[in-house]
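Q: Dropping in coords.cif, with mmCIF, C-alpha atoms and all ligand atoms.
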data_structure
loop_
_atom_site.label_atom_id
_atom_site.label_comp_id
_atom_site.auth_asym_id
_atom_site.auth_seq_id
_atom_site.Cartn_x
_atom_site.Cartn_y
_atom_site.Cartn_z
CA MET A 23 142.93 105.37 171.49
CA ILE A 24 143.69 102.94 174.30
CA PHE A 25 141.41 103.25 177.31
CA SER A 26 142.23 102.15 180.84
CA SER A 27 140.50 99.13 182.34
CA PHE A 28 138.10 101.62 184.02
CA GLY A 29 137.41 103.20 180.61
CA THR A 30 137.10 99.84 178.91
CA LYS A 31 134.64 98.53 181.46
CA LEU A 32 132.44 101.63 181.46
CA THR A 33 132.42 102.34 177.74
CA GLY A 34 132.60 98.74 176.50
CA GLU A 35 130.16 96.88 174.32
CA SER A 36 127.42 96.12 176.76
CA GLY A 37 123.94 95.10 175.74
CA ILE A 38 122.51 97.86 177.85
CA LEU A 39 124.56 100.62 176.27
CA ARG A 40 123.52 99.35 172.86
CA LEU A 41 119.89 99.30 173.95
CA MET A 42 120.07 102.80 175.46
CA ASP A 43 121.60 104.09 172.25
CA ASP A 44 118.88 102.42 170.22
CA LEU A 45 116.10 103.71 172.49
CA GLY A 46 117.15 107.27 171.67
CA ARG A 47 117.27 106.77 167.90
CA PRO A 48 114.45 108.14 165.70
CA LEU A 49 111.42 105.96 164.98
CA PRO A 50 110.59 104.94 161.41
CA GLU A 51 108.77 107.59 159.39
CA GLY A 52 104.98 107.58 159.27
CA VAL A 53 104.36 105.71 162.54
CA THR A 54 102.54 107.13 165.58
CA PRO A 55 105.20 107.34 168.29
CA CYS A 56 104.33 105.57 171.55
CA ARG A 57 107.34 106.15 173.78
CA LEU A 58 106.67 103.72 176.60
CA GLY A 59 110.34 102.87 177.08
CA GLY A 60 112.08 105.58 179.06
CA GLY A 61 112.08 106.32 182.77
CA ASN A 62 110.98 109.93 182.54
CA PRO A 63 108.41 110.89 185.15
CA ALA A 64 105.24 112.72 184.15
CA ARG A 65 104.64 116.43 184.88
CA VAL A 66 102.29 116.89 187.82
CA PRO A 67 100.83 120.43 187.73
CA ALA A 68 100.46 120.99 191.50
CA VAL A 69 104.09 119.98 192.06
CA GLU A 70 105.34 122.26 189.29
CA LYS A 71 103.29 125.10 190.74
CA ALA A 72 104.96 124.70 194.14
CA TYR A 73 108.48 124.79 192.64
CA ARG A 74 107.52 127.84 190.52
CA ARG A 75 106.33 129.59 193.66
CA GLU A 76 109.58 128.76 195.46
CA MET A 77 111.56 130.04 192.48
CA GLU A 78 109.61 133.29 192.39
CA ARG A 79 110.18 133.72 196.10
CA LEU A 80 113.92 133.17 195.61
CA LEU A 81 114.03 135.71 192.79
CA SER A 82 112.18 138.32 194.80
CA TRP A 83 114.39 138.20 197.95
CA GLY A 84 117.28 140.61 197.46
CA ASP A 85 120.25 138.65 196.14
CA ALA A 86 119.05 135.22 197.33
CA PHE A 87 119.05 133.86 193.79
CA GLU A 88 122.59 135.10 193.07
CA CYS A 89 123.78 133.63 196.39
CA ALA A 90 122.24 130.29 195.49
CA ILE A 91 123.93 130.03 192.12
CA SER A 92 127.27 131.69 192.75
CA GLN A 93 128.96 129.39 195.25
CA TYR A 94 129.79 125.73 195.59
CA ASP A 95 128.05 123.93 198.42
CA PRO A 96 130.15 121.61 200.61
CA PRO A 97 130.64 118.19 198.96
CA GLN A 98 128.29 116.60 201.51
CA GLY A 99 125.50 118.94 200.38
CA ARG A 100 123.95 122.27 201.40
CA LEU A 101 123.89 122.44 205.18
CA ARG A 102 120.47 124.14 205.42
CA PHE A 103 118.91 121.50 203.17
CA ILE A 104 120.54 118.68 205.14
CA GLU A 105 119.27 120.18 208.40
CA ALA A 106 115.76 120.51 206.95
CA LEU A 107 115.86 116.81 205.99
CA VAL A 108 117.19 115.73 209.39
CA THR A 109 114.43 117.60 211.24
CA PHE A 110 111.81 116.26 208.86
CA PHE A 111 112.87 112.61 209.09
CA ASN A 112 113.25 112.67 212.87
CA ARG A 113 109.81 114.28 213.23
CA GLU A 114 108.10 112.06 210.67
CA TYR A 115 109.61 108.66 211.46
CA GLY A 116 111.02 109.03 214.96
CA TRP A 117 114.59 108.45 213.73
CA ASP A 118 117.53 109.79 215.63
CA ILE A 119 119.75 111.07 212.85
CA GLY A 120 121.92 114.18 212.62
CA PRO A 121 123.48 116.08 209.72
CA GLU A 122 126.35 113.58 209.81
CA ASN A 123 123.90 110.94 208.54
CA VAL A 124 122.85 112.71 205.32
CA ALA A 125 124.68 113.22 202.02
CA ILE A 126 123.39 114.93 198.87
CA THR A 127 124.50 113.76 195.44
CA ASN A 128 123.88 114.75 191.83
CA GLY A 129 120.91 112.42 191.54
CA SER A 130 120.65 109.04 193.22
CA GLN A 131 122.19 107.40 190.15
CA SER A 132 125.56 108.93 191.02
CA ALA A 133 125.05 107.98 194.68
CA PHE A 134 124.84 104.34 193.59
CA PHE A 135 127.90 104.64 191.39
CA TYR A 136 129.86 105.94 194.38
CA LEU A 137 128.43 103.41 196.81
CA PHE A 138 128.86 100.31 194.66
CA ASN A 139 132.48 101.17 193.91
CA LEU A 140 133.17 102.25 197.45
CA LEU A 141 132.19 98.83 198.72
CA SER A 142 132.86 96.33 195.91
CA GLY A 143 135.84 95.61 193.70
CA GLU A 144 139.32 94.47 194.62
CA ARG A 145 140.31 94.81 198.26
CA PRO A 146 142.68 93.11 197.44
CA GLU A 147 140.42 90.10 196.83
CA ARG A 148 137.14 90.46 194.89
CA ARG A 149 134.26 91.99 196.89
CA THR A 150 130.76 91.88 195.44
CA ILE A 151 127.35 93.56 195.64
CA LEU A 152 124.43 91.15 195.98
CA PHE A 153 121.10 92.00 194.34
CA PRO A 154 118.84 89.43 195.96
CA LEU A 155 115.77 89.87 193.76
CA VAL A 156 116.19 89.99 189.99
CA PRO A 157 114.69 91.40 187.81
CA GLU A 158 116.19 94.59 189.21
CA TYR A 159 116.91 98.16 188.03
CA ILE A 160 118.74 98.19 184.68
CA GLY A 161 120.60 101.34 185.70
CA TYR A 162 122.71 99.42 188.22
CA ALA A 163 123.91 96.76 185.80
CA ASP A 164 126.97 98.53 184.41
CA GLN A 165 127.94 100.68 187.37
CA GLY A 166 130.63 98.42 188.81
CA ILE A 167 134.13 99.43 187.77
CA TYR A 168 135.47 95.91 188.28
CA PRO A 169 133.97 93.20 186.09
CA GLY A 170 132.05 90.43 187.77
CA THR A 171 131.39 92.19 191.06
CA PHE A 172 127.58 92.30 190.79
CA VAL A 173 125.84 89.07 191.70
CA THR A 174 122.11 88.45 191.59
CA LEU A 175 119.64 85.92 192.89
CA PRO A 176 116.37 85.10 191.16
CA SER A 177 113.01 86.06 192.63
CA LYS A 178 110.35 83.49 193.41
CA ILE A 179 107.10 83.90 191.49
CA GLU A 180 103.74 83.87 193.22
CA LEU A 181 100.75 83.54 190.92
CA LEU A 182 97.74 85.71 191.80
CA ASP A 183 94.25 86.09 190.34
CA ASN A 184 93.30 88.27 187.47
CA HIS A 185 96.37 87.82 185.24
CA GLU A 186 98.64 89.03 188.04
CA PHE A 187 101.72 87.69 189.80
CA LYS A 188 104.16 88.97 192.42
CA TYR A 189 107.88 88.39 192.86
CA ARG A 190 108.94 87.27 196.32
CA LEU A 191 112.30 87.37 197.94
CA ASP A 192 113.82 83.92 198.52
CA VAL A 193 115.15 84.66 202.00
CA ASP A 194 116.58 81.15 202.48
CA LEU A 195 118.53 81.48 199.24
CA VAL A 196 119.90 84.86 200.33
CA ARG A 197 120.91 83.45 203.70
CA GLU A 198 122.53 80.42 202.09
CA TYR A 199 124.36 82.58 199.56
CA LEU A 200 125.74 84.91 202.20
CA GLY A 201 126.76 81.96 204.32
CA SER A 202 128.98 80.59 201.57
CA HIS A 203 130.13 83.88 199.98
CA PRO A 204 132.07 85.99 202.48
CA GLU A 205 133.13 88.28 199.63
CA VAL A 206 129.68 89.93 199.53
CA ALA A 207 130.21 93.56 200.63
CA ALA A 208 126.62 94.85 200.51
CA ILE A 209 123.07 93.89 199.58
CA CYS A 210 120.98 96.18 197.37
CA VAL A 211 117.27 96.34 196.49
CA SER A 212 114.99 98.93 194.95
CA ARG A 213 111.69 99.43 196.77
CA PRO A 214 109.38 100.03 194.90
CA THR A 215 111.24 98.01 192.32
CA ASN A 216 112.03 99.30 188.87
CA PRO A 217 111.05 97.53 186.53
CA THR A 218 108.31 95.50 188.18
CA GLY A 219 106.35 97.85 190.45
CA ASN A 220 106.90 95.39 193.30
CA VAL A 221 107.01 96.75 196.85
CA LEU A 222 109.01 94.46 199.11
CA THR A 223 106.99 93.80 202.24
CA ASN A 224 108.16 94.95 205.66
CA ASP A 225 108.79 91.31 206.52
CA GLU A 226 111.04 90.94 203.50
CA ILE A 227 112.94 94.15 204.36
CA ASP A 228 113.27 93.07 208.00
CA ALA A 229 114.54 89.65 206.94
CA LEU A 230 117.10 91.22 204.59
CA SER A 231 118.12 93.68 207.25
CA ALA A 232 118.65 90.88 209.79
CA VAL A 233 120.62 88.71 207.41
CA ALA A 234 122.76 91.73 206.35
CA GLU A 235 123.44 92.61 209.97
CA ALA A 236 124.31 89.01 210.82
CA HIS A 237 126.90 88.95 208.03
CA GLY A 238 128.25 92.42 208.83
CA VAL A 239 127.30 93.97 205.49
CA PRO A 240 125.11 97.04 204.86
CA LEU A 241 121.67 96.84 203.26
CA MET A 242 121.15 99.44 200.52
CA VAL A 243 117.54 100.36 199.86
CA ASP A 244 116.78 102.45 196.78
CA ASN A 245 113.67 104.43 197.62
CA ALA A 246 113.53 106.51 194.41
CA TYR A 247 109.75 105.91 194.10
CA GLY A 248 108.96 105.45 197.76
CA MET A 249 107.74 107.27 200.84
CA PRO A 250 107.72 110.06 201.92
CA PHE A 251 108.33 111.52 198.47
CA PRO A 252 107.46 110.89 195.65
CA ASP A 253 105.28 108.27 197.39
CA ILE A 254 104.38 106.41 194.18
CA ILE A 255 103.15 103.50 196.27
CA PHE A 256 99.54 102.33 196.33
CA PRO A 257 98.70 101.55 199.98
CA GLU A 258 95.47 99.78 199.09
CA VAL A 259 97.42 97.15 197.12
CA ILE A 260 100.57 96.56 199.16
CA GLU A 261 100.81 94.18 202.07
CA GLY A 262 101.21 96.21 205.28
CA THR A 263 102.93 99.56 205.09
CA ALA A 264 105.89 100.92 203.18
CA ALA A 265 107.26 103.69 205.39
CA PRO A 266 111.03 103.77 204.97
CA ARG A 267 112.98 101.85 207.58
CA TRP A 268 116.39 102.98 208.68
CA ASN A 269 119.05 101.83 211.08
CA ARG A 270 122.80 102.28 211.19
CA ASN A 271 123.30 99.28 208.94
CA THR A 272 120.93 100.63 206.25
CA ILE A 273 121.96 102.90 203.41
CA LEU A 274 118.71 104.54 202.32
CA SER A 275 118.70 106.40 199.04
CA MET A 276 116.04 108.86 197.88
CA SER A 277 115.60 111.23 195.00
CA LEU A 278 113.70 114.36 194.04
CA SER A 279 113.60 113.23 190.41
CA LYS A 280 110.18 111.58 190.52
CA ILE A 281 108.73 114.51 192.37
CA GLY A 282 109.33 117.16 189.77
CA LEU A 283 113.08 117.72 189.63
CA PRO A 284 114.75 115.13 187.37
CA ALA A 285 116.71 117.89 185.63
CA LEU A 286 118.07 119.35 188.87
CA ARG A 287 119.79 116.09 189.91
CA THR A 288 119.15 115.88 193.63
CA GLY A 289 119.79 112.57 195.39
CA ILE A 290 119.60 112.06 199.16
CA VAL A 291 121.45 109.34 201.09
CA VAL A 292 120.77 108.56 204.74
CA ALA A 293 123.51 106.38 206.19
CA ASP A 294 126.07 105.80 208.89
CA PRO A 295 128.47 108.79 209.25
CA GLN A 296 131.37 106.74 207.89
CA ILE A 297 129.46 106.17 204.63
CA VAL A 298 128.38 109.83 204.52
CA SER A 299 131.98 111.06 204.90
CA ALA A 300 133.11 108.63 202.21
CA LEU A 301 130.37 109.88 199.86
CA SER A 302 131.43 113.47 200.54
CA ALA A 303 135.04 112.60 199.72
CA LEU A 304 134.04 110.82 196.50
CA ASN A 305 131.75 113.69 195.52
CA SER A 306 134.46 116.25 196.07
CA ILE A 307 136.89 114.28 193.92
CA ALA A 308 134.45 113.46 191.14
CA ALA A 309 132.28 116.59 191.11
CA LEU A 310 133.53 119.11 193.74
CA ALA A 311 129.93 119.54 194.90
CA SER A 312 126.34 118.67 194.01
CA GLY A 313 124.11 121.15 192.17
CA SER A 314 122.49 123.64 194.56
CA LEU A 315 119.27 124.67 192.89
CA GLY A 316 117.20 121.56 193.61
CA GLN A 317 118.25 121.74 197.26
CA VAL A 318 117.36 125.44 197.45
CA LEU A 319 113.94 124.96 195.85
CA ALA A 320 113.05 121.94 197.97
CA GLU A 321 114.30 123.16 201.35
CA GLY A 322 111.21 125.10 202.40
CA LEU A 323 108.91 122.42 200.98
CA VAL A 324 110.63 119.74 203.07
CA SER A 325 110.59 121.85 206.26
CA SER A 326 106.93 122.78 206.01
CA GLY A 327 105.88 119.23 205.15
CA GLU A 328 104.42 120.48 201.86
CA LEU A 329 106.59 118.17 199.74
CA LYS A 330 105.26 115.15 201.61
CA ARG A 331 101.68 116.44 201.33
CA LEU A 332 102.12 117.03 197.60
CA ALA A 333 103.48 113.51 197.22
CA THR A 334 100.56 111.91 198.99
CA SER A 335 97.75 114.12 197.76
CA GLU A 336 98.90 114.85 194.19
CA VAL A 337 101.69 112.59 192.93
CA GLN A 338 100.31 109.33 194.29
CA PRO A 339 96.72 109.83 192.98
CA PHE A 340 98.12 111.01 189.65
CA TYR A 341 100.05 107.77 189.14
CA ARG A 342 97.27 105.66 190.62
CA GLU A 343 94.94 106.90 187.90
CA LYS A 344 97.62 106.35 185.24
CA SER A 345 98.13 102.83 186.55
CA ARG A 346 94.40 102.09 186.55
CA PHE A 347 94.02 103.38 183.01
CA ALA A 348 97.02 101.39 181.76
CA ARG A 349 95.89 98.14 183.42
CA GLU A 350 92.42 98.49 181.96
CA ALA A 351 93.87 99.27 178.53
CA ILE A 352 96.18 96.23 178.54
CA ARG A 353 93.35 93.97 179.77
CA ASP A 354 91.15 95.10 176.89
CA ALA A 355 93.95 94.79 174.37
CA MET A 356 94.99 91.28 175.54
CA ALA A 357 91.47 89.89 176.13
CA GLY A 358 91.33 86.12 175.53
CA ARG A 359 95.12 85.76 175.48
CA ASN A 360 97.63 84.11 177.80
CA TRP A 361 99.46 86.99 179.48
CA MET A 362 100.14 88.41 182.94
CA HIS A 363 101.56 91.45 184.65
CA HIS A 364 103.30 91.99 187.94
CA ARG A 365 100.92 93.39 190.56
CA ASN A 366 101.38 97.12 190.27
CA GLU A 367 102.12 98.20 193.83
CA GLY A 368 104.14 101.30 193.01
CA SER A 369 106.65 103.00 190.62
CA MET A 370 105.51 104.04 187.16
CA PHE A 371 106.04 100.84 185.25
CA LEU A 372 103.98 97.87 184.18
CA TRP A 373 105.91 94.63 183.83
CA LEU A 374 104.19 92.48 181.22
CA TYR A 375 104.73 88.74 180.86
CA PHE A 376 103.99 86.78 177.68
CA PRO A 377 104.46 83.11 178.60
CA ASP A 378 104.01 81.74 175.08
CA LEU A 379 106.26 84.05 173.14
CA ARG A 380 108.26 82.06 170.58
CA VAL A 381 111.09 84.63 170.38
CA GLY A 382 112.92 86.62 173.06
CA THR A 383 111.70 90.07 174.04
CA SER A 384 114.60 91.76 172.22
CA GLU A 385 112.96 90.52 169.03
CA LEU A 386 109.56 91.70 170.26
CA TYR A 387 111.16 95.08 171.07
CA ALA A 388 112.58 95.37 167.54
CA ARG A 389 109.24 94.44 165.91
CA LEU A 390 107.39 96.93 168.10
CA LYS A 391 109.84 99.68 167.32
CA GLU A 392 109.16 99.22 163.61
CA ARG A 393 105.53 100.05 164.44
CA GLY A 394 106.46 103.11 166.55
CA VAL A 395 106.15 101.52 170.01
CA VAL A 396 109.17 101.69 172.29
CA VAL A 397 109.34 99.38 175.33
CA VAL A 398 112.32 97.98 177.26
CA PRO A 399 113.00 94.26 176.72
CA GLY A 400 112.97 92.47 180.04
CA GLU A 401 116.16 90.46 179.68
CA TYR A 402 118.30 93.51 180.52
CA PHE A 403 116.84 93.59 184.02
CA PHE A 404 118.31 90.13 184.66
CA PHE A 405 122.00 90.77 185.10
CA GLY A 406 124.91 89.14 186.85
CA PRO A 407 128.47 88.09 186.16
CA GLU A 408 129.13 86.59 182.78
CA GLY A 409 130.82 83.22 183.08
CA GLY A 410 130.12 83.15 186.82
CA VAL A 411 130.35 80.00 188.86
CA PRO A 412 127.35 77.72 188.28
CA GLU A 413 125.35 78.68 191.35
CA GLU A 414 125.57 82.35 190.33
CA THR A 415 123.94 81.56 187.03
CA ALA A 416 120.60 80.67 188.64
CA TRP A 417 119.11 83.98 187.48
CA ARG A 418 119.69 82.93 183.89
CA GLU A 419 117.19 80.14 184.27
CA HIS A 420 114.48 82.51 185.51
CA PRO A 421 111.38 81.64 183.45
CA HIS A 422 110.60 85.32 182.90
CA ARG A 423 113.97 86.36 181.58
CA PHE A 424 113.08 86.42 177.87
CA ARG A 425 109.32 86.80 178.23
CA CYS A 426 108.76 90.21 179.84
CA VAL A 427 108.80 93.84 178.81
CA ARG A 428 108.73 97.03 180.88
CA VAL A 429 106.40 99.85 179.87
CA ASN A 430 106.26 103.32 181.37
CA TYR A 431 102.56 103.98 181.99
CA ALA A 432 103.04 107.67 182.83
CA ARG A 433 102.49 108.52 179.17
CA PRO A 434 99.52 110.29 177.55
CA GLU A 435 96.39 108.12 177.24
CA ASN A 436 96.44 108.02 173.44
CA GLU A 437 99.98 106.56 173.50
CA ILE A 438 98.95 103.96 176.08
CA LEU A 439 95.91 102.87 174.08
CA GLU A 440 97.70 102.71 170.74
CA GLY A 441 100.86 101.26 172.26
CA PHE A 442 99.01 98.43 174.03
CA ARG A 443 96.90 97.72 170.94
CA LEU A 444 100.13 97.23 168.97
CA ILE A 445 101.81 95.24 171.77
CA ALA A 446 98.84 92.85 171.66
CA GLU A 447 98.88 92.63 167.87
CA VAL A 448 102.64 92.19 167.46
CA SER A 449 103.01 89.72 170.35
CA ALA A 450 100.15 87.65 168.89
CA SER A 451 102.12 87.34 165.67
CA LEU A 452 105.05 85.86 167.65
CA LEU A 453 103.22 82.94 169.26
CA PRO A 454 104.03 79.33 168.34
C1 LIG B 501 115.12 102.55 190.90
C2 LIG B 501 115.84 103.79 190.48
N1 LIG B 501 116.89 104.17 191.20
C3 LIG B 501 117.60 105.28 190.89
C4 LIG B 501 117.26 106.04 189.80
C5 LIG B 501 118.09 107.24 189.49
O1 LIG B 501 117.37 108.43 189.60
P1 LIG B 501 118.02 109.85 189.81
O2 LIG B 501 119.48 109.76 189.49
O3 LIG B 501 117.31 110.74 188.85
O4 LIG B 501 117.80 110.23 191.24
C6 LIG B 501 116.18 105.67 189.00
C7 LIG B 501 115.82 106.46 187.82
O5 LIG B 501 114.93 106.18 187.06
C8 LIG B 501 115.44 104.51 189.36
O6 LIG B 501 114.40 104.09 188.64
#
How would this structure read if it were set down as structure tokens?
A:
Amino acid sequence: MIFSSFGTKLTGESGILRLMDDLGRPLPEGVTPCRLGGGNPARVPAVEKAYRREMERLLSWGDAFECAISQYDPPQGRLRFIEALVTFFNREYGWDIGPENVAITNGSQSAFFYLFNLLSGERPERRTILFPLVPEYIGYADQGIYPGTFVTLPSKIELLDNHEFKYRLDVDLVREYLGSHPEVAAICVSRPTNPTGNVLTNDEIDALSAVAEAHGVPLMVDNAYGMPFPDIIFPEVIEGTAAPRWNRNTILSMSLSKIGLPALRTGIVVADPQIVSALSALNSIAALASGSLGQVLAEGLVSSGELKRLATSEVQPFYREKSRFAREAIRDAMAGRNWMHHRNEGSMFLWLYFPDLRVGTSELYARLKERGVVVVPGEYFFFGPEGGVPEETAWREHPHRFRCVRVNYARPENEILEGFRLIAEVSASLLP
């Protein structure tokens, strides 16, 4: 069968598709599975209890349940849910948004697919999306319909005490790049960052926002792990605060996936009305509407402030403890060795760095998988146009590109302990 260029680009042989396929394949027989690779959030009992209560309430009110499941919502999203969000955000953060500023999508992943392709591609000349801080979320890498429209800039590395480091935005590089690349159509960052657990500081966000504004391009901020929900951010570790910032030039994306509803696919975008109408149009063409049930279950929780309270008092401490346990476990396992991890400021991932590894992390991944441990090799989080012009290849020289792996620390303790023991053992066998 002959596919279109759209089909070819999205189904083609990409390293990431191959990796995703491999991640899902069975582990060898007889090993103890330690599935530290995926992005599945953990189950947090208090959050599940709140959704169960909302579901029971829905079922007990006349035909409320049947009404919720028997009609399409408008493509922009369910009006009552959008109004609940608008009231909540204005109250919580002093914003001045209306329903025309909010769109609901089937998960934030599809929001990004719409947004990237709305803004980049051929118009008629090539327009690009700039990711100013690689390593960056693997899930973006293949979302552009047109080849070569995603460009990335490498992060700076700041070494900290205690086997830790932090990636910093190179604001001058971003400014310089934008100055000489008028084809950039938008800037995009995840905050907290998947895979590193980095939380860009307010200064970094303000600098990006200013540079975006100066060049007339929107700043997209992916807040899938951020405040107010799920709030997987550790305030005692970050510099300053991490309350979401919004202005008319910002496209802020959120998700209910990491606060209990990954299966109900509920993404939230706060943006300028022109972007919101465009998202509604794209959603109606691609999907008619977004699923209703997540919006119905979350509406009352947003309005009452309970979702935010659950995030801060249940979800955040839950992941904080998981993070503490994982960091202690990896320290014990790697004692006496040369290794580091990114300071864990948020998200549910630890980003481990093995400076002396003699092979790339794809090889480390394969060796670990033979022993039952699944991680994600770091090189996939460094992406950009193949065969790009020389300056766009700077990310390829990033010293961490082949030396890092991402682990999901939201796994049961026995998997963390065994997984880290094997990561230490197998990586030791791959030193010079
Ligand atoms: C940084 C980031 N953005 C977006 C998503 C997409 O999430 P969802 O489509 O479930 O809202 C994920 C999922 O893991 C993520 O890690």
Q: Can you pull out every residue within 9 Å of stretch 166-174 of chain A, counting only C-alpha atoms, but drop anything in the same chain fewer than 3 positions away, and send it as a PDB file with C-alpha atoms, in the coordinates of the input?
A:
ATOM      1  CA  SER A  27     140.500  99.130 182.340  1.00  0.00           C
ATOM      2  CA  PHE A  28     138.100 101.620 184.020  1.00  0.00           C
ATOM      3  CA  GLY A  29     137.410 103.200 180.610  1.00  0.00           C
ATOM      4  CA  LYS A  31     134.640  98.530 181.460  1.00  0.00           C
ATOM      5  CA  LEU A  32     132.440 101.630 181.460  1.00  0.00           C
ATOM      6  CA  PHE A 135     127.900 104.640 191.390  1.00  0.00           C
ATOM      7  CA  PHE A 138     128.860 100.310 194.660  1.00  0.00           C
ATOM      8  CA  ASN A 139     132.480 101.170 193.910  1.00  0.00           C
ATOM      9  CA  SER A 142     132.860  96.330 195.910  1.00  0.00           C
ATOM     10  CA  GLY A 143     135.840  95.610 193.700  1.00  0.00           C
ATOM     11  CA  GLU A 144     139.320  94.470 194.620  1.00  0.00           C
ATOM     12  CA  ARG A 148     137.140  90.460 194.890  1.00  0.00           C
ATOM     13  CA  ARG A 149     134.260  91.990 196.890  1.00  0.00           C
ATOM     14  CA  THR A 150     130.760  91.880 195.440  1.00  0.00           C
ATOM     15  CA  ILE A 151     127.350  93.560 195.640  1.00  0.00           C
ATOM     16  CA  LEU A 152     124.430  91.150 195.980  1.00  0.00           C
ATOM     17  CA  PHE A 153     121.100  92.000 194.340  1.00  0.00           C
ATOM     18  CA  PRO A 154     118.840  89.430 195.960  1.00  0.00           C
ATOM     19  CA  LEU A 155     115.770  89.870 193.760  1.00  0.00           C
ATOM     20  CA  VAL A 156     116.190  89.990 189.990  1.00  0.00           C
ATOM     21  CA  PRO A 157     114.690  91.400 187.810  1.00  0.00           C
ATOM     22  CA  GLU A 158     116.190  94.590 189.210  1.00  0.00           C
ATOM     23  CA  TYR A 162     122.710  99.420 188.220  1.00  0.00           C
ATOM     24  CA  ALA A 163     123.910  96.760 185.800  1.00  0.00           C
ATOM     25  CA  VAL A 206     129.680  89.930 199.530  1.00  0.00           C
ATOM     26  CA  PHE A 404     118.310  90.130 184.660  1.00  0.00           C
ATOM     27  CA  PHE A 405     122.000  90.770 185.100  1.00  0.00           C
ATOM     28  CA  GLY A 406     124.910  89.140 186.850  1.00  0.00           C
ATOM     29  CA  PRO A 407     128.470  88.090 186.160  1.00  0.00           C
ATOM     30  CA  GLU A 408     129.130  86.590 182.780  1.00  0.00           C
ATOM     31  CA  GLY A 409     130.820  83.220 183.080  1.00  0.00           C
ATOM     32  CA  GLY A 410     130.120  83.150 186.820  1.00  0.00           C
ATOM     33  CA  GLU A 414     125.570  82.350 190.330  1.00  0.00           C
ATOM     34  CA  THR A 415     123.940  81.560 187.030  1.00  0.00           C
ATOM     35  CA  ALA A 416     120.600  80.670 188.640  1.00  0.00           C
ATOM     36  CA  TRP A 417     119.110  83.980 187.480  1.00  0.00           C
TER      37      TRP A 417
END
Q: Hey, which residues sit close to ligand LIG 501 (chain B)? Say within 8 Å, counting only C-alpha atoms and all ligand atoms, and write them as an MDAnalysis selection string.
A: chainID A and resid 61:62 128:134 159 161 212:217 244:247 276:280 284:285 287:289
Q: Counting all atoms listed in the file, what is within 12 Å of A:Arg197, bar same-chain residues fewer than 3 positions away, as a PyMOL selection string?
A: chain A and resi 152+154+175+191-194+200-204+206+209+229-237
Q: Store the residues picked out above, limited to C-alpha atoms, as a compact mmCIF listing (two decimals), in the frame of the given file.
A:
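See part16.txt below for the written result:
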# COMPACT_ATOMS: atom_id res chain seq x y z
CA LEU A 152 124.43 91.15 195.98
CA PRO A 154 118.84 89.43 195.96
CA LEU A 175 119.64 85.92 192.89
CA LEU A 191 112.30 87.37 197.94
CA ASP A 192 113.82 83.92 198.52
CA VAL A 193 115.15 84.66 202.00
CA ASP A 194 116.58 81.15 202.48
CA LEU A 200 125.74 84.91 202.20
CA GLY A 201 126.76 81.96 204.32
CA SER A 202 128.98 80.59 201.57
CA HIS A 203 130.13 83.88 199.98
CA PRO A 204 132.07 85.99 202.48
CA VAL A 206 129.68 89.93 199.53
CA ILE A 209 123.07 93.89 199.58
CA ALA A 229 114.54 89.65 206.94
CA LEU A 230 117.10 91.22 204.59
CA SER A 231 118.12 93.68 207.25
CA ALA A 232 118.65 90.88 209.79
CA VAL A 233 120.62 88.71 207.41
CA ALA A 234 122.76 91.73 206.35
CA GLU A 235 123.44 92.61 209.97
CA ALA A 236 124.31 89.01 210.82
CA HIS A 237 126.90 88.95 208.03
Q: To test the calculation: enclose all listed atoms of stretch 209-214 of chain A in a box whose edges run along x, y and z, add 3 Å on each side, then state centre and edge lengths in Å to one decimal, as JSON.
A:
{"center_x": 116.2, "center_y": 97.0, "center_z": 197.2, "size_x": 19.7, "size_y": 12.1, "size_z": 10.7}
Q: When you look at A:Leu39 with a cut-off of 12 Å (counting all atoms listed in the file), what residues show up, excluding the ones that are within fewer than 3 positions of it in the same chain? I need them as a PyMOL selection string.
A: chain A and resi 31-36+42-46+160-161+163-165+402
Q: Mind writing the picked residues with C-alpha atoms as a PDB file, in the coordinates of the input?
A:
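Result saved to part-v1.pdb:
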ATOM      1  CA  LYS A  31     134.640  98.530 181.460  1.00  0.00           C
ATOM      2  CA  LEU A  32     132.440 101.630 181.460  1.00  0.00           C
ATOM      3  CA  THR A  33     132.420 102.340 177.740  1.00  0.00           C
ATOM      4  CA  GLY A  34     132.600  98.740 176.500  1.00  0.00           C
ATOM      5  CA  GLU A  35     130.160  96.880 174.320  1.00  0.00           C
ATOM      6  CA  SER A  36     127.420  96.120 176.760  1.00  0.00           C
ATOM      7  CA  MET A  42     120.070 102.800 175.460  1.00  0.00           C
ATOM      8  CA  ASP A  43     121.600 104.090 172.250  1.00  0.00           C
ATOM      9  CA  ASP A  44     118.880 102.420 170.220  1.00  0.00           C
ATOM     10  CA  LEU A  45     116.100 103.710 172.490  1.00  0.00           C
ATOM     11  CA  GLY A  46     117.150 107.270 171.670  1.00  0.00           C
ATOM     12  CA  ILE A 160     118.740  98.190 184.680  1.00  0.00           C
ATOM     13  CA  GLY A 161     120.600 101.340 185.700  1.00  0.00           C
ATOM     14  CA  ALA A 163     123.910  96.760 185.800  1.00  0.00           C
ATOM     15  CA  ASP A 164     126.970  98.530 184.410  1.00  0.00           C
ATOM     16  CA  GLN A 165     127.940 100.680 187.370  1.00  0.00           C
ATOM     17  CA  TYR A 402     118.300  93.510 180.520  1.00  0.00           C
TER      18      TYR A 402
END
Q: Write out as a PyMOL selection string each polymer residue whose atoms come within 7 Å of stretch 102-116 of chain A, counting only C-alpha atoms; drop sequence neighbours fewer than 5 positions from it.
A: chain A and resi 121+124+317+321+324-325
